[in-house]
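Chemist: As input, take input20.cif (mmCIF, C-alpha atoms):
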```
data_entry
#
loop_
_atom_site.group_PDB
_atom_site.id
_atom_site.type_symbol
_atom_site.label_atom_id
_atom_site.label_comp_id
_atom_site.auth_asym_id
_atom_site.auth_seq_id
_atom_site.Cartn_x
_atom_site.Cartn_y
_atom_site.Cartn_z
ATOM 1 C CA MET E 9 14.957 92.409 4.724
ATOM 2 C CA LYS E 10 13.638 90.599 7.802
ATOM 3 C CA LYS E 11 16.752 88.435 7.972
ATOM 4 C CA ARG E 12 18.951 91.530 7.923
ATOM 5 C CA PHE E 13 16.872 93.126 10.693
ATOM 6 C CA LYS E 14 17.167 89.991 12.830
ATOM 7 C CA LYS E 15 20.947 89.973 12.367
ATOM 8 C CA LYS E 16 21.178 93.635 13.356
ATOM 9 C CA LEU E 17 18.950 93.073 16.376
ATOM 10 C CA PHE E 18 20.990 90.052 17.467
ATOM 11 C CA ALA E 19 24.255 91.987 17.070
ATOM 12 C CA THR E 20 22.793 94.847 19.100
ATOM 13 C CA PHE E 21 21.702 92.342 21.765
ATOM 14 C CA ILE E 22 25.186 90.815 22.053
ATOM 15 C CA PHE E 23 26.845 94.236 22.064
ATOM 16 C CA SER E 24 24.459 95.346 24.822
ATOM 17 C CA LEU E 25 25.372 92.336 26.963
ATOM 18 C CA VAL E 26 29.076 93.062 26.713
ATOM 19 C CA THR E 27 28.600 96.805 27.174
ATOM 20 C CA ALA E 28 26.456 96.325 30.282
ATOM 21 C CA VAL E 29 29.173 94.266 31.936
ATOM 22 C CA LEU E 30 31.868 96.761 30.941
ATOM 23 C CA LEU E 31 29.838 99.724 32.223
ATOM 24 C CA ILE E 32 29.368 98.082 35.601
ATOM 25 C CA ILE E 33 33.057 97.172 35.842
ATOM 26 C CA HIS E 34 34.013 100.693 34.809
ATOM 27 C CA GLY E 35 31.731 102.207 37.427
ATOM 28 C CA VAL E 36 33.165 100.046 40.172
ATOM 29 C CA PHE E 37 36.882 99.982 39.426
ATOM 30 C CA PHE E 38 37.823 103.022 37.382
ATOM 31 C CA ASP E 39 35.627 105.556 39.139
ATOM 32 C CA LEU E 40 36.314 103.958 42.535
ATOM 33 C CA ASP E 41 32.621 104.314 43.298
ATOM 34 C CA PHE E 42 31.992 101.313 45.485
ATOM 35 C CA GLU E 43 28.311 102.235 45.776
ATOM 36 C CA GLN E 44 27.948 100.745 42.301
ATOM 37 C CA ILE E 45 28.949 97.303 43.594
ATOM 38 C CA LYS E 46 25.246 96.686 44.198
ATOM 39 C CA ARG E 47 24.787 96.845 40.409
ATOM 40 C CA LEU E 48 26.772 93.611 40.130
ATOM 41 C CA THR E 49 23.686 91.731 41.242
ATOM 42 C CA PHE E 50 21.597 89.941 38.634
ATOM 43 C CA GLU E 51 18.887 92.581 38.854
ATOM 44 C CA GLY E 52 21.453 95.358 38.455
ATOM 45 C CA PHE E 53 22.909 93.660 35.396
ATOM 46 C CA ILE E 54 19.472 93.207 33.817
ATOM 47 C CA PHE E 55 18.598 96.855 34.497
ATOM 48 C CA THR E 56 21.877 98.079 32.985
ATOM 49 C CA PHE E 57 21.462 95.741 30.006
ATOM 50 C CA ILE E 58 17.931 96.981 29.300
ATOM 51 C CA LEU E 59 19.040 100.612 29.417
ATOM 52 C CA VAL E 60 21.985 99.970 27.095
ATOM 53 C CA PHE E 61 19.870 97.926 24.674
ATOM 54 C CA ILE E 62 17.116 100.529 24.451
ATOM 55 C CA GLY E 63 19.678 103.290 24.029
ATOM 56 C CA LEU E 64 21.389 101.468 21.173
ATOM 57 C CA VAL E 65 18.122 100.705 19.390
ATOM 58 C CA VAL E 66 17.063 104.357 19.637
ATOM 59 C CA LEU E 67 20.451 105.541 18.350
ATOM 60 C CA GLU E 68 20.304 103.082 15.473
ATOM 61 C CA ARG E 69 16.857 104.353 14.460
ATOM 62 C CA ILE E 70 17.957 107.985 14.666
ATOM 63 C CA PHE E 71 21.005 107.469 12.470
ATOM 64 C CA THR E 72 19.183 105.426 9.820
ATOM 65 C CA LEU E 73 16.141 107.670 9.364
ATOM 66 C CA GLU E 74 17.537 109.333 6.249
ATOM 67 C CA GLU E 75 18.590 105.985 4.789
ATOM 68 C CA ASP E 76 15.125 104.550 5.381
ATOM 69 C CA GLU E 77 13.490 107.506 3.628
ATOM 70 C CA GLU E 78 15.884 107.150 0.696
ATOM 71 C CA ILE E 79 15.115 103.434 0.378
ATOM 72 C CA ILE E 80 11.379 104.167 0.347
ATOM 73 C CA ASN E 81 11.876 106.772 -2.374
ATOM 74 C CA LEU E 82 13.982 104.369 -4.445
ATOM 75 C CA LYS E 83 11.366 101.621 -4.135
ATOM 76 C CA LYS E 84 8.676 104.032 -5.338
ATOM 77 C CA ARG E 85 10.801 105.042 -8.325
ATOM 78 C CA ILE E 86 11.534 101.402 -9.186
ATOM 79 C CA SER E 87 7.855 100.460 -8.989
ATOM 80 C CA LYS E 88 6.980 103.353 -11.328
ATOM 81 C CA ILE E 89 9.632 102.219 -13.810
ATOM 82 C CA GLU E 90 8.409 98.621 -13.670
ATOM 83 C CA LYS E 91 4.813 99.712 -14.358
ATOM 84 C CA ASN E 92 5.884 101.463 -17.574
#
```
Please lay out the structure from this file as structure tokens.
Modeler:
Amino acid sequence: MKKRFKKKLFATFIFSLVTAVLLIIHGVFFDLDFEQIKRLTFEGFIFTFILVFIGLVVLERIFTLEEDEEIINLKKRISKIEKN
């Protein structure tokens, strides 16, 4: 289970890196908002990356809440069966 979590976290990390770059490029070129050019600095990239990463982790937790509850229920049922 830990190995799976680490893989998911690593994939989210990589996706956040790519998404941060694409969001900055989109803000500069497609919206023609040249005020966002300052976000191309290292600090701006780190800030954008952190926001994207946190947002993705929160979304992942929200959409897996029901699955997590179901897994807990299944583990309880399996442990009861194994005790009998």
Chemist: Calculated over only C-alpha atoms, which of the candidates E:Ile54, E:Leu73, E:Val60, E:Val65 has the smallest distance to Ser24 (chain E)?
Modeler: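 Of all the options, E:Val60 lies closest to Ser24 (chain E).
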Chemist: Using Å and a single decimal, report how far CA of Lys14 (chain E) sits from CA of Leu59 (chain E).
Modeler: 19.8 Å
Chemist: Quick one: pull the distance between CA of Leu67 (chain E) and CA of Ile79 (chain E), Å, one decimal.
Modeler: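 So the two atoms, CA of Leu67 (chain E) and CA of Ile79 (chain E), lie 18.9 Å apart.
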Chemist: Provide the CA of Leu30 (chain E) to CA of Gly63 (chain E) distance in Å, to one decimal place.
Modeler: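 Taking CA of Leu30 (chain E) as the start and CA of Gly63 (chain E) as the end point, the length is 15.5 Å.
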Chemist: Using all atoms listed in the file, which of the listed residues (E:Val66, E:Ile80, E:Ala19, E:Val29) sits closest to Thr49 (chain E)?
Modeler: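 Comparing E:Val66, E:Ile80, E:Ala19, E:Val29 against Thr49 (chain E), the winner is E:Val29.
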